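The block underneath contains the structure these notes are about, expressed in structure tokens.
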Amino acid sequence: MTLLYRFYNCTLVRDHALIQDDLWIRNGKIINPEKIFFSEKTRADIEYDCQGALIAPGYIDLQINGAFGHDFSSADEASEEMLIKVAKLLTSHGVTAFVPTIVSSLPETYQEVLPIYKRRAGSAKDGATILGIHIEGPFIAENKRGAHRTDFLRKSECGIEDLKTCYGSFENVSIITLAPELPNMVENVIPELVARHDLVVSLGHSTATLDCGERAILAGARFITHLFNAMLPFHHRDPGLVGLLTTHPLPATTIVYYGLIVDTVHTHSAAVRLAHRVHPHGLVLVTDAVPALGFPDGTYHMGAHEIVVNGKRATIAGTETLCGSIASLAECVQYMRQALLDGETNKEIINEKDSTQFVVESIEAATLHPAQVLHIENQKGTLSFGADADFIFLDKSLNILSTFIAGEQAWTVTDQWSIDNLQTKSSQ
């Protein structure tokens with residue numbers, strides 16, 4: 001018999017709001033209880049008292065270069081076992097799905113690593129879902145390369161054939177970051193990647209003008225890699241890729257999504273508020289995390305670089321060049337909520353509705369919006385009926401209390417939030 005679970009005494013993030021309701025789970029899916037009441041005339045087999053916790057969809061990270069000492073761009077490290085180990089540890093950050101990211105590398109590295117990182121459904125045993133690979137580079141602009149090695153960068157003189165030669169296969173790939181101003185990108189590469197390979201093309205590490213960015217979006221691109229970072233700064237005569245947040249030549253149904261690293265280092269809180277107020281529905285929180293995520297200050301490796309972590313900053317050894325973040329996605333959600341609160345001119349008159357909306361929008365930037373980028377918003381990033389039962393418990397400060405994947409508890413902060421201690425009723 002398939003068990004029916006009810007989570008009660010909780011607040012849900014659902015339909016762009018916080019609502020007082022129960023969460024019903026069966027077969028790893030979120031279900032509509034009305035059908036149970038009226039069709040089956042049955043009650044929950046097992047009930048859990050959530051002790052007033054906030055329940056949100058599990059977080060989804062579309063750009064993470066490594067974590068817990070593991071580097072996704074290392075051919076020496078690449079293995080299914082390593083990826084599962086990271087997937088399990090990420091549940092402590094509320095992450096229930098992620099896209100491992102490979103920075104600019106040599107063709108032989110791609111051709112060795114890409115076949116290993118296969119898509120994989122998440123579980124309480126094996127951790128977060130693996131949603132495919134994000135390839136960041138090497139078809140990017142040299143003077144906006146950031147932490148990417150110059151000698152690894154490549155041109156696209158032969159269009160899509162250059163990418164095929166470099167990567168070998170797109171089979172396990174979900175997202176590719178490229179610079180649209182490179183030869184043949186708008187005319188050949190982007191349409192081919194989108195139409196024939198069903199990939200998400202993201203614009204980044206680029207010197208593109210707004211006009212070039214608009215042509216890239218019309219060709220099929222739909223995402224911007226870490227807005228404000230590794231691109232031309234906003235200018236009133238040509239706002240560059242940043243201008244895509246307000247561009248008008250695009251069809252009304254076209255939503256441009258953009259990644260934002262809200263770690264208090266990569267993006268000033270005023271820039272966070274600016275992007276949010278201009279285009280809130282496209283904002284996607286990403287960590288751009290380096291292998292040192294979850295580890296103390298020290299020296300680590302990412303791709304071909306040695307990196308140094310000091311405080312909240314991760315830089316290429318011997319330079320001040322940022323090479324990624326060490327903030328968890330849970331922290332990014334908290335930082336965004338605080339940035340939005342700080343933007344209110346009169347802190348004393350912030351009403352409960354405003355504060356609640358900031359919570360919802362910060363959470364949706366790490367759940368619903370990344371799912372929409374990958375066209376999986378009916379399965380992930382939502383607590384809607386029929387979606388996968390990937391969800392998290394949060395306290396009022398948005399700290400992670402517990403993480404569930406496919407309806408089963410994958411991680412808990414203390415025994416207080418253990419599923420066994422929350423259970424109040426069982427028919428078993």
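If you're wondering about the labels, chains in the structure tokens are A, B, ... by order shown, residues count from 1 in each chain, ligands from 1 in order shown.
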Which residues of range 100-193 of chain A come within 12 Å of range 364-386 of chain A, and for each one, what is the closest pair of atoms and their distance in Å to one decimal, counting only C-alpha atoms, sorted by chain and residue number, as a Markdown table?
| residue | atom | partner | partner_atom | distance |
| --- | --- | --- | --- | --- |
| A:Ala121 | CA | A:Lys380 | CA | 11.6 |
| A:Gly122 | CA | A:Lys380 | CA | 11.5 |
| A:Ala128 | CA | A:Lys380 | CA | 11.7 |
| A:Thr129 | CA | A:Lys380 | CA | 10.1 |
| A:Leu131 | CA | A:Leu374 | CA | 8.8 |
| A:Gly132 | CA | A:Leu374 | CA | 10.1 |
| A:Ile133 | CA | A:Leu374 | CA | 11.7 |
| A:His134 | CA | A:Leu374 | CA | 11.4 |
| A:Val173 | CA | A:Leu374 | CA | 11.5 |
| A:Ser174 | CA | A:Leu374 | CA | 7.7 |
| A:Ile175 | CA | A:Leu374 | CA | 8.6 |
* To do: Pick out the closest residue to Gly58 in chain A from this set: A:Val95, A:Ala339, A:Ile19, A:Ala75. Count only C-alpha atoms.
  =>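 Nearest candidate to Gly58 in chain A out of A:Val95, A:Ala339, A:Ile19, A:Ala75: A:Val95.
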* Which of these residues is nearest to Thr11 in chain A, using only C-alpha atoms: A:Glu80, A:Asp263, A:Asp49, A:Asp198? -> A:Asp49
If you count only C-alpha atoms, which residues fall within 8 Å of range 392-404 of chain A, apart from same-chain ones fewer than 5 positions away, as a PDB file with all heavy atoms, in the first residue's frame?
ATOM      1  N   ALA A  53       7.231  25.674  11.407  1.00  0.00           N
ATOM      2  CA  ALA A  53       8.287  25.937  10.423  1.00  0.00           C
ATOM      3  C   ALA A  53       7.711  26.463   9.111  1.00  0.00           C
ATOM      4  O   ALA A  53       6.550  26.229   8.766  1.00  0.00           O
ATOM      5  CB  ALA A  53       9.097  24.668  10.160  1.00  0.00           C
ATOM      6  N   LEU A  54       8.551  27.193   8.384  1.00  0.00           N
ATOM      7  CA  LEU A  54       8.232  27.612   7.020  1.00  0.00           C
ATOM      8  C   LEU A  54       8.696  26.514   6.081  1.00  0.00           C
ATOM      9  O   LEU A  54       9.850  26.065   6.156  1.00  0.00           O
ATOM     10  CB  LEU A  54       8.945  28.925   6.700  1.00  0.00           C
ATOM     11  CG  LEU A  54       8.873  29.446   5.262  1.00  0.00           C
ATOM     12  CD1 LEU A  54       7.434  29.782   4.893  1.00  0.00           C
ATOM     13  CD2 LEU A  54       9.770  30.670   5.088  1.00  0.00           C
ATOM     14  N   ILE A  55       7.816  26.047   5.195  1.00  0.00           N
ATOM     15  CA  ILE A  55       8.184  25.021   4.213  1.00  0.00           C
ATOM     16  C   ILE A  55       8.270  25.677   2.843  1.00  0.00           C
ATOM     17  O   ILE A  55       7.325  26.311   2.369  1.00  0.00           O
ATOM     18  CB  ILE A  55       7.173  23.859   4.187  1.00  0.00           C
ATOM     19  CG1 ILE A  55       7.126  23.159   5.551  1.00  0.00           C
ATOM     20  CG2 ILE A  55       7.545  22.870   3.096  1.00  0.00           C
ATOM     21  CD1 ILE A  55       6.210  21.951   5.587  1.00  0.00           C
ATOM     22  N   ALA A  56       9.424  25.520   2.214  1.00  0.00           N
ATOM     23  CA  ALA A  56       9.672  26.085   0.885  1.00  0.00           C
ATOM     24  C   ALA A  56      10.147  24.986  -0.045  1.00  0.00           C
ATOM     25  O   ALA A  56      10.623  23.931   0.406  1.00  0.00           O
ATOM     26  CB  ALA A  56      10.729  27.190   0.970  1.00  0.00           C
ATOM     27  N   PRO A  57      10.052  25.201  -1.353  1.00  0.00           N
ATOM     28  CA  PRO A  57      10.665  24.241  -2.275  1.00  0.00           C
ATOM     29  C   PRO A  57      12.172  24.164  -2.022  1.00  0.00           C
ATOM     30  O   PRO A  57      12.782  25.121  -1.530  1.00  0.00           O
ATOM     31  CB  PRO A  57      10.375  24.850  -3.657  1.00  0.00           C
ATOM     32  CG  PRO A  57       9.242  25.799  -3.441  1.00  0.00           C
ATOM     33  CD  PRO A  57       9.405  26.326  -2.057  1.00  0.00           C
ATOM     34  N   GLY A  58      12.777  23.045  -2.360  1.00  0.00           N
ATOM     35  CA  GLY A  58      14.220  22.921  -2.213  1.00  0.00           C
ATOM     36  C   GLY A  58      14.946  23.870  -3.149  1.00  0.00           C
ATOM     37  O   GLY A  58      14.465  24.189  -4.244  1.00  0.00           O
ATOM     38  N   THR A  91      22.725  19.026   0.682  1.00  0.00           N
ATOM     39  CA  THR A  91      21.409  19.042   1.330  1.00  0.00           C
ATOM     40  C   THR A  91      21.445  19.821   2.643  1.00  0.00           C
ATOM     41  O   THR A  91      20.425  20.340   3.087  1.00  0.00           O
ATOM     42  CB  THR A  91      20.890  17.617   1.584  1.00  0.00           C
ATOM     43  OG1 THR A  91      21.813  16.915   2.429  1.00  0.00           O
ATOM     44  CG2 THR A  91      20.726  16.853   0.283  1.00  0.00           C
ATOM     45  N   SER A  92      22.634  19.930   3.259  1.00  0.00           N
ATOM     46  CA  SER A  92      22.747  20.723   4.492  1.00  0.00           C
ATOM     47  C   SER A  92      22.577  22.207   4.210  1.00  0.00           C
ATOM     48  O   SER A  92      22.366  22.990   5.134  1.00  0.00           O
ATOM     49  CB  SER A  92      24.101  20.466   5.166  1.00  0.00           C
ATOM     50  OG  SER A  92      25.168  20.947   4.371  1.00  0.00           O
ATOM     51  N   HIS A  93      22.672  22.617   2.944  1.00  0.00           N
ATOM     52  CA  HIS A  93      22.458  24.002   2.533  1.00  0.00           C
ATOM     53  C   HIS A  93      21.059  24.204   1.947  1.00  0.00           C
ATOM     54  O   HIS A  93      20.772  25.258   1.391  1.00  0.00           O
ATOM     55  CB  HIS A  93      23.500  24.420   1.497  1.00  0.00           C
ATOM     56  CG  HIS A  93      24.906  24.419   2.013  1.00  0.00           C
ATOM     57  ND1 HIS A  93      26.013  24.516   1.197  1.00  0.00           N
ATOM     58  CD2 HIS A  93      25.395  24.322   3.276  1.00  0.00           C
ATOM     59  CE1 HIS A  93      27.117  24.488   1.919  1.00  0.00           C
ATOM     60  NE2 HIS A  93      26.756  24.364   3.183  1.00  0.00           N
ATOM     61  N   GLY A  94      20.216  23.183   2.037  1.00  0.00           N
ATOM     62  CA  GLY A  94      18.867  23.293   1.487  1.00  0.00           C
ATOM     63  C   GLY A  94      18.795  23.050  -0.006  1.00  0.00           C
ATOM     64  O   GLY A  94      17.738  23.228  -0.613  1.00  0.00           O
ATOM     65  N   VAL A  95      19.894  22.622  -0.615  1.00  0.00           N
ATOM     66  CA  VAL A  95      19.935  22.393  -2.062  1.00  0.00           C
ATOM     67  C   VAL A  95      19.413  20.995  -2.364  1.00  0.00           C
ATOM     68  O   VAL A  95      19.943  19.999  -1.858  1.00  0.00           O
ATOM     69  CB  VAL A  95      21.367  22.569  -2.609  1.00  0.00           C
ATOM     70  CG1 VAL A  95      21.432  22.189  -4.084  1.00  0.00           C
ATOM     71  CG2 VAL A  95      21.835  24.003  -2.403  1.00  0.00           C
ATOM     72  N   THR A  96      18.390  20.930  -3.210  1.00  0.00           N
ATOM     73  CA  THR A  96      17.826  19.633  -3.596  1.00  0.00           C
ATOM     74  C   THR A  96      18.072  19.319  -5.073  1.00  0.00           C
ATOM     75  O   THR A  96      17.721  18.241  -5.532  1.00  0.00           O
ATOM     76  CB  THR A  96      16.314  19.586  -3.308  1.00  0.00           C
ATOM     77  OG1 THR A  96      15.671  20.661  -4.004  1.00  0.00           O
ATOM     78  CG2 THR A  96      16.046  19.708  -1.812  1.00  0.00           C
ATOM     79  N   ALA A 124      16.944  10.683  -0.713  1.00  0.00           N
ATOM     80  CA  ALA A 124      17.457  10.894   0.639  1.00  0.00           C
ATOM     81  C   ALA A 124      18.801  10.211   0.814  1.00  0.00           C
ATOM     82  O   ALA A 124      19.666  10.687   1.550  1.00  0.00           O
ATOM     83  CB  ALA A 124      16.447  10.368   1.659  1.00  0.00           C
ATOM     84  N   ALA A 330      21.820  28.919   0.632  1.00  0.00           N
ATOM     85  CA  ALA A 330      20.988  29.339   1.762  1.00  0.00           C
ATOM     86  C   ALA A 330      21.408  30.717   2.249  1.00  0.00           C
ATOM     87  O   ALA A 330      20.562  31.568   2.576  1.00  0.00           O
ATOM     88  CB  ALA A 330      21.089  28.319   2.892  1.00  0.00           C
ATOM     89  N   VAL A 333      20.198  33.462  -0.165  1.00  0.00           N
ATOM     90  CA  VAL A 333      18.793  33.798   0.054  1.00  0.00           C
ATOM     91  C   VAL A 333      18.658  34.766   1.229  1.00  0.00           C
ATOM     92  O   VAL A 333      17.923  35.762   1.157  1.00  0.00           O
ATOM     93  CB  VAL A 333      17.960  32.526   0.311  1.00  0.00           C
ATOM     94  CG1 VAL A 333      16.537  32.877   0.749  1.00  0.00           C
ATOM     95  CG2 VAL A 333      17.915  31.657  -0.940  1.00  0.00           C
ATOM     96  N   GLN A 334      19.384  34.496   2.301  1.00  0.00           N
ATOM     97  CA  GLN A 334      19.338  35.383   3.463  1.00  0.00           C
ATOM     98  C   GLN A 334      19.892  36.764   3.128  1.00  0.00           C
ATOM     99  O   GLN A 334      19.324  37.791   3.525  1.00  0.00           O
ATOM    100  CB  GLN A 334      20.135  34.771   4.613  1.00  0.00           C
ATOM    101  CG  GLN A 334      19.502  33.507   5.192  1.00  0.00           C
ATOM    102  CD  GLN A 334      20.399  32.819   6.198  1.00  0.00           C
ATOM    103  OE1 GLN A 334      21.602  32.656   5.982  1.00  0.00           O
ATOM    104  NE2 GLN A 334      19.837  32.407   7.318  1.00  0.00           N
ATOM    105  N   GLN A 409      13.277  12.499   4.274  1.00  0.00           N
ATOM    106  CA  GLN A 409      14.217  13.408   4.913  1.00  0.00           C
ATOM    107  C   GLN A 409      15.655  13.030   4.554  1.00  0.00           C
ATOM    108  O   GLN A 409      16.103  11.907   4.778  1.00  0.00           O
ATOM    109  CB  GLN A 409      14.040  13.387   6.426  1.00  0.00           C
ATOM    110  CG  GLN A 409      14.781  14.491   7.153  1.00  0.00           C
ATOM    111  CD  GLN A 409      14.369  14.593   8.607  1.00  0.00           C
ATOM    112  OE1 GLN A 409      14.428  13.619   9.359  1.00  0.00           O
ATOM    113  NE2 GLN A 409      13.931  15.776   9.025  1.00  0.00           N
ATOM    114  N   ALA A 410      16.382  14.008   3.991  1.00  0.00           N
ATOM    115  CA  ALA A 410      17.766  13.790   3.576  1.00  0.00           C
ATOM    116  C   ALA A 410      18.766  14.383   4.555  1.00  0.00           C
ATOM    117  O   ALA A 410      19.926  13.956   4.599  1.00  0.00           O
ATOM    118  CB  ALA A 410      17.993  14.397   2.186  1.00  0.00           C
ATOM    119  N   TRP A 411      18.327  15.396   5.309  1.00  0.00           N
ATOM    120  CA  TRP A 411      19.242  16.057   6.265  1.00  0.00           C
ATOM    121  C   TRP A 411      18.411  16.803   7.292  1.00  0.00           C
ATOM    122  O   TRP A 411      17.313  17.282   7.002  1.00  0.00           O
ATOM    123  CB  TRP A 411      20.147  17.049   5.529  1.00  0.00           C
ATOM    124  CG  TRP A 411      21.095  17.788   6.429  1.00  0.00           C
ATOM    125  CD1 TRP A 411      22.320  17.389   6.860  1.00  0.00           C
ATOM    126  CD2 TRP A 411      20.859  19.072   7.042  1.00  0.00           C
ATOM    127  NE1 TRP A 411      22.872  18.327   7.685  1.00  0.00           N
ATOM    128  CE2 TRP A 411      22.008  19.380   7.818  1.00  0.00           C
ATOM    129  CE3 TRP A 411      19.817  19.997   7.000  1.00  0.00           C
ATOM    130  CZ2 TRP A 411      22.131  20.562   8.539  1.00  0.00           C
ATOM    131  CZ3 TRP A 411      19.924  21.172   7.728  1.00  0.00           C
ATOM    132  CH2 TRP A 411      21.068  21.442   8.480  1.00  0.00           C
ATOM    133  N   THR A 412      18.950  16.897   8.523  1.00  0.00           N
ATOM    134  CA  THR A 412      18.307  17.691   9.562  1.00  0.00           C
ATOM    135  C   THR A 412      19.372  18.322  10.433  1.00  0.00           C
ATOM    136  O   THR A 412      20.445  17.734  10.651  1.00  0.00           O
ATOM    137  CB  THR A 412      17.358  16.829  10.412  1.00  0.00           C
ATOM    138  OG1 THR A 412      16.728  17.642  11.390  1.00  0.00           O
ATOM    139  CG2 THR A 412      18.102  15.700  11.107  1.00  0.00           C
ATOM    140  N   VAL A 413      19.094  19.538  10.905  1.00  0.00           N
ATOM    141  CA  VAL A 413      20.102  20.273  11.656  1.00  0.00           C
ATOM    142  C   VAL A 413      20.301  19.707  13.059  1.00  0.00           C
ATOM    143  O   VAL A 413      21.425  19.690  13.578  1.00  0.00           O
ATOM    144  CB  VAL A 413      19.738  21.778  11.708  1.00  0.00           C
ATOM    145  CG1 VAL A 413      18.442  22.027  12.457  1.00  0.00           C
ATOM    146  CG2 VAL A 413      20.879  22.601  12.293  1.00  0.00           C
ATOM    147  N   THR A 414      19.230  19.257  13.687  1.00  0.00           N
ATOM    148  CA  THR A 414      19.306  18.643  15.012  1.00  0.00           C
ATOM    149  C   THR A 414      18.248  17.548  15.108  1.00  0.00           C
ATOM    150  O   THR A 414      17.338  17.463  14.276  1.00  0.00           O
ATOM    151  CB  THR A 414      19.040  19.664  16.147  1.00  0.00           C
ATOM    152  OG1 THR A 414      17.696  20.146  16.039  1.00  0.00           O
ATOM    153  CG2 THR A 414      20.022  20.837  16.071  1.00  0.00           C
ATOM    154  N   TRP A 417      14.425  18.173  14.746  1.00  0.00           N
ATOM    155  CA  TRP A 417      13.743  18.214  13.457  1.00  0.00           C
ATOM    156  C   TRP A 417      13.799  16.874  12.721  1.00  0.00           C
ATOM    157  O   TRP A 417      13.435  16.788  11.554  1.00  0.00           O
ATOM    158  CB  TRP A 417      14.329  19.332  12.591  1.00  0.00           C
ATOM    159  CG  TRP A 417      14.109  20.659  13.229  1.00  0.00           C
ATOM    160  CD1 TRP A 417      14.990  21.367  13.982  1.00  0.00           C
ATOM    161  CD2 TRP A 417      12.889  21.403  13.241  1.00  0.00           C
ATOM    162  NE1 TRP A 417      14.409  22.517  14.453  1.00  0.00           N
ATOM    163  CE2 TRP A 417      13.125  22.568  14.008  1.00  0.00           C
ATOM    164  CE3 TRP A 417      11.640  21.209  12.667  1.00  0.00           C
ATOM    165  CZ2 TRP A 417      12.137  23.533  14.216  1.00  0.00           C
ATOM    166  CZ3 TRP A 417      10.655  22.164  12.871  1.00  0.00           C
ATOM    167  CH2 TRP A 417      10.907  23.307  13.637  1.00  0.00           C
ATOM    168  N   SER A 418      14.236  15.842  13.437  1.00  0.00           N
ATOM    169  CA  SER A 418      14.204  14.501  12.859  1.00  0.00           C
ATOM    170  C   SER A 418      12.764  14.078  12.605  1.00  0.00           C
ATOM    171  O   SER A 418      11.854  14.378  13.392  1.00  0.00           O
ATOM    172  CB  SER A 418      14.875  13.505  13.814  1.00  0.00           C
ATOM    173  OG  SER A 418      14.576  12.183  13.445  1.00  0.00           O
TER     174      SER A 418
END
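Within the 6 Å cut-off around Tyr48 in chain A, using only C-alpha atoms and omitting residues fewer than 2 positions from it on the same chain, the listed residues are Phe7, Leu422, Gln423 and Thr424 of chain A.
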How would the residues just picked look written out with N, CA and C atoms as a compact mmCIF listing (two decimals), in the first residue's frame?
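Ended up saving to out-v9.txt:
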# COMPACT_ATOMS: atom_id res chain seq x y z
N PHE A 7 1.91 16.89 6.45
CA PHE A 7 2.73 17.80 7.27
C PHE A 7 1.83 18.97 7.66
N LEU A 422 9.09 14.38 14.83
CA LEU A 422 7.98 15.21 14.36
C LEU A 422 6.69 14.41 14.20
N GLN A 423 6.83 13.09 14.13
CA GLN A 423 5.66 12.26 13.88
C GLN A 423 4.71 12.27 15.06
N THR A 424 3.43 12.49 14.80
CA THR A 424 2.42 12.52 15.85
C THR A 424 1.35 11.46 15.69
* To do: Tell me which protein, DNA and RNA residues are within 9 Å of Leu182 in chain A, counting only C-alpha atoms, leaving out same-chain ones fewer than 6 positions away, and put them as a PyMOL selection string.
  => chain A and resi 139-141+155-157+206+208
Output of the above residues as a short mmCIF file (atom, residue, chain, number, x, y, z; two decimals), in the first residue's frame, restricted to N, CA and C atoms:
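The resulting result-v1.cif:
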data_model
loop_
_atom_site.label_atom_id
_atom_site.label_comp_id
_atom_site.auth_asym_id
_atom_site.auth_seq_id
_atom_site.Cartn_x
_atom_site.Cartn_y
_atom_site.Cartn_z
N PHE A 139 34.55 29.58 -24.77
CA PHE A 139 34.22 30.51 -25.85
C PHE A 139 33.72 31.82 -25.26
N ILE A 140 34.66 32.54 -24.63
CA ILE A 140 34.36 33.79 -23.93
C ILE A 140 35.38 34.85 -24.32
N ALA A 141 35.09 36.10 -23.94
CA ALA A 141 35.96 37.22 -24.30
C ALA A 141 37.20 37.24 -23.40
N LYS A 155 38.24 30.39 -29.98
CA LYS A 155 37.41 31.16 -30.90
C LYS A 155 36.38 30.24 -31.54
N SER A 156 35.48 30.83 -32.30
CA SER A 156 34.42 30.04 -32.95
C SER A 156 34.36 30.38 -34.43
N GLU A 157 35.53 30.37 -35.07
CA GLU A 157 35.61 30.73 -36.49
C GLU A 157 34.79 29.79 -37.37
N SER A 206 31.77 38.59 -21.25
CA SER A 206 31.49 39.16 -22.56
C SER A 206 31.69 40.68 -22.59
N ALA A 208 29.90 42.25 -24.98
CA ALA A 208 28.79 42.50 -25.90
C ALA A 208 28.08 43.81 -25.61
#
* From a DSSP pass on the backbone, collect the residues of range 76-319 of chain A flagged as alpha helix (DSSP H) and hand them back as a ChimeraX atom specification. => /A:80-90,107-113,160-167,190-195,210-219,269-278
* Please indicate the distance in Å from CA of Ser74 in chain A to CA of Pro138 in chain A, rounded to one decimal place. =>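 Result for CA of Ser74 in chain A versus CA of Pro138 in chain A: 15.1 Å, one decimal.
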* To do: For Asp211 in chain A, list every protein, DNA or RNA residue within 9 Å, evaluated using only C-alpha atoms, and leave out those in the same chain fewer than 3 positions away; present the list as a list in words.
  => Ala208, Glu214, Arg215, Ala216, Asp238, Gly240 and Leu241 of chain A
* DSSP-assigned strand (DSSP E or B) among range 13-122 of chain A, expressed as JSON, numbers by chain -> {"A": [13, 14, 17, 18, 19, 20, 23, 24, 25, 26, 29, 30, 46, 47, 48, 49, 54, 55, 56, 57, 59, 60, 61, 62, 63, 64, 66, 67, 70, 71, 95, 96, 97, 98, 99, 100, 101, 102, 120]}
* To do: Considering only C-alpha atoms, state which residue in the set A:Thr321, A:Glu181, A:Ser362, A:Asn310 is at the smallest distance from Val262 in chain A.
  => A:Ser362
* Asked: Excluding same-chain residues fewer than 5 positions from Val308 in chain A, what lies within 6 Å of it counting only C-alpha atoms, as number ranges by chain?
  -> A: 298-299, 314-315, 317
* Work out how far CA of Glu344 in chain A is from CA of Gly52 in chain A, in Å to one decimal. =>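 Interatomic distance here is 27.6 Å.
Between CA of Ala179 in chain A and CA of Gly204 in chain A the interatomic distance comes to 5.6 Å.
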